[in-house]
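K.L.:
Below is the file coords.pdb, with PDB, C-alpha atoms.
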```pdb
MODEL        1
ATOM      1  CA  MET A  58       0.000   0.000   0.000  1.00  0.00           C
ATOM      2  CA  GLN A  59       1.431   3.348  -1.030  1.00  0.00           C
ATOM      3  CA  LYS A  60       0.724   6.392   1.087  1.00  0.00           C
ATOM      4  CA  VAL A  61       0.834  10.026  -0.018  1.00  0.00           C
ATOM      5  CA  PRO A  62       0.942  12.005   3.223  1.00  0.00           C
ATOM      6  CA  PHE A  63       0.629  15.746   3.397  1.00  0.00           C
ATOM      7  CA  MET A  64       1.416  18.170   6.177  1.00  0.00           C
ATOM      8  CA  LEU A  65      -1.213  20.913   6.382  1.00  0.00           C
ATOM      9  CA  ILE A  66      -0.527  24.261   8.005  1.00  0.00           C
ATOM     10  CA  VAL A  67      -3.492  26.410   8.956  1.00  0.00           C
ATOM     11  CA  GLY A  68      -2.642  29.615  10.743  1.00  0.00           C
ATOM     12  CA  GLU A  69      -4.190  33.045  11.006  1.00  0.00           C
ATOM     13  CA  GLU A  70      -3.168  34.019   7.468  1.00  0.00           C
ATOM     14  CA  GLU A  71      -4.600  30.811   5.972  1.00  0.00           C
ATOM     15  CA  GLU A  72      -7.802  31.209   7.958  1.00  0.00           C
ATOM     16  CA  LYS A  73      -8.198  34.803   6.764  1.00  0.00           C
ATOM     17  CA  ASN A  74      -7.596  33.837   3.112  1.00  0.00           C
ATOM     18  CA  GLU A  75      -9.469  30.502   3.328  1.00  0.00           C
ATOM     19  CA  THR A  76      -6.368  28.640   2.124  1.00  0.00           C
ATOM     20  CA  LEU A  77      -4.076  25.820   3.259  1.00  0.00           C
ATOM     21  CA  SER A  78      -0.301  25.653   3.231  1.00  0.00           C
ATOM     22  CA  ILE A  79       0.695  22.130   2.286  1.00  0.00           C
ATOM     23  CA  ARG A  80       3.929  20.184   2.133  1.00  0.00           C
ATOM     24  CA  ARG A  81       4.295  16.729   0.672  1.00  0.00           C
ATOM     25  CA  HIS A  82       6.235  14.138   2.622  1.00  0.00           C
ATOM     26  CA  GLY A  83       9.743  13.837   1.219  1.00  0.00           C
ATOM     27  CA  GLN A  84       9.803  17.329  -0.310  1.00  0.00           C
ATOM     28  CA  GLU A  85      10.857  19.261   2.774  1.00  0.00           C
ATOM     29  CA  GLY A  86      13.508  21.295   0.934  1.00  0.00           C
ATOM     30  CA  LYS A  87      11.032  22.554  -1.666  1.00  0.00           C
ATOM     31  CA  GLY A  88       8.902  24.546   0.777  1.00  0.00           C
ATOM     32  CA  ASN A  89       5.177  24.908   1.201  1.00  0.00           C
ATOM     33  CA  ILE A  90       2.616  25.714  -1.422  1.00  0.00           C
ATOM     34  CA  THR A  91      -0.556  27.627  -0.649  1.00  0.00           C
ATOM     35  CA  VAL A  92      -3.807  26.410  -2.163  1.00  0.00           C
ATOM     36  CA  THR A  93      -7.518  26.783  -1.617  1.00  0.00           C
ATOM     37  CA  ILE A  94      -9.425  23.993   0.074  1.00  0.00           C
ATOM     38  CA  GLU A  95     -10.971  23.074  -3.280  1.00  0.00           C
ATOM     39  CA  GLU A  96      -7.532  22.898  -4.933  1.00  0.00           C
ATOM     40  CA  PHE A  97      -6.262  20.641  -2.134  1.00  0.00           C
ATOM     41  CA  ALA A  98      -9.285  18.358  -2.563  1.00  0.00           C
ATOM     42  CA  ALA A  99      -8.489  18.135  -6.288  1.00  0.00           C
ATOM     43  CA  ILE A 100      -4.843  17.245  -5.516  1.00  0.00           C
ATOM     44  CA  VAL A 101      -5.928  14.480  -3.143  1.00  0.00           C
ATOM     45  CA  ASN A 102      -8.515  13.140  -5.600  1.00  0.00           C
ATOM     46  CA  GLU A 103      -5.888  13.098  -8.367  1.00  0.00           C
ATOM     47  CA  GLU A 104      -3.462  11.173  -6.145  1.00  0.00           C
ATOM     48  CA  ILE A 105      -6.190   8.678  -5.280  1.00  0.00           C
ATOM     49  CA  SER A 106      -7.128   8.151  -8.920  1.00  0.00           C
ATOM     50  CA  LYS A 107      -3.463   7.631  -9.910  1.00  0.00           C
ATOM     51  CA  THR A 108      -2.853   5.032  -7.211  1.00  0.00           C
ATOM     52  CA  LEU A 109      -6.248   3.309  -7.076  1.00  0.00           C
ATOM     53  CA  LYS A 110      -6.231  -0.140  -8.577  1.00  0.00           C
ATOM     54  CA  VAL A 111      -9.216  -1.197 -10.644  1.00  0.00           C
ATOM     55  CA  PHE A 112     -10.657  -4.540  -9.655  1.00  0.00           C
ATOM     56  CA  THR A 113     -12.730  -6.526 -12.102  1.00  0.00           C
ATOM     57  CA  VAL A 114     -15.161  -9.236 -11.210  1.00  0.00           C
TER      58      VAL A 114
ENDMDL
END
```
What's the structure tokens form of this structure?
P.N.:
Amino acid sequence: MQKVPFMLIVGEEEEKNETLSIRRHGQEGKGNITVTIEEFAAIVNEEISKTLKVFTV
């Protein structure tokens, strides 16, 4: 099972702008990116669709 963990930072600035600062595990040197909640949901859904295995009956 492959995991794609994220670290989410939500401070006063993110709350005010309705955004999230995210960092992917293993990319600590590349810094945080700031996205909206909807953009983060799209990132997670894309990761799920790339890693989800299709089972046939």
K.L.:
Counting only C-alpha atoms, what is within 10 Å of Arg81 of chain A, bar same-chain residues fewer than 2 positions away, as a PyMOL selection string?
P.N.:
chain A and resi 61-65+79+83-85+87-90
K.L.:
Under the PyMOL selection byres ((chain A and resi 75) around 12), which residues of this model are included? Write them out as a CSV table (one decimal) with C-alpha atoms, keeping the file's coordinate frame.
P.N.:
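Below is the file out34.csv, written as the result:
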```
chain,number,residue,atom,x,y,z
A,66,ILE,CA,-0.5,24.3,8.0
A,67,VAL,CA,-3.5,26.4,9.0
A,68,GLY,CA,-2.6,29.6,10.7
A,69,GLU,CA,-4.2,33.0,11.0
A,70,GLU,CA,-3.2,34.0,7.5
A,71,GLU,CA,-4.6,30.8,6.0
A,72,GLU,CA,-7.8,31.2,8.0
A,73,LYS,CA,-8.2,34.8,6.8
A,74,ASN,CA,-7.6,33.8,3.1
A,76,THR,CA,-6.4,28.6,2.1
A,77,LEU,CA,-4.1,25.8,3.3
A,78,SER,CA,-0.3,25.7,3.2
A,91,THR,CA,-0.6,27.6,-0.6
A,92,VAL,CA,-3.8,26.4,-2.2
A,93,THR,CA,-7.5,26.8,-1.6
A,94,ILE,CA,-9.4,24.0,0.1
A,95,GLU,CA,-11.0,23.1,-3.3
A,96,GLU,CA,-7.5,22.9,-4.9
A,97,PHE,CA,-6.3,20.6,-2.1
```
K.L.:
Given 6 Å of margin on each side, can you work out the centre and size in Å (one decimal) of an axis-aligned box holding every listed atom of segment 81-91 of chain A, as lines of an AutoDock Vina configuration file?
P.N.:
```
center_x = 6.5
center_y = 20.7
center_z = 0.6
size_x = 26.1
size_y = 25.8
size_z = 16.4
```
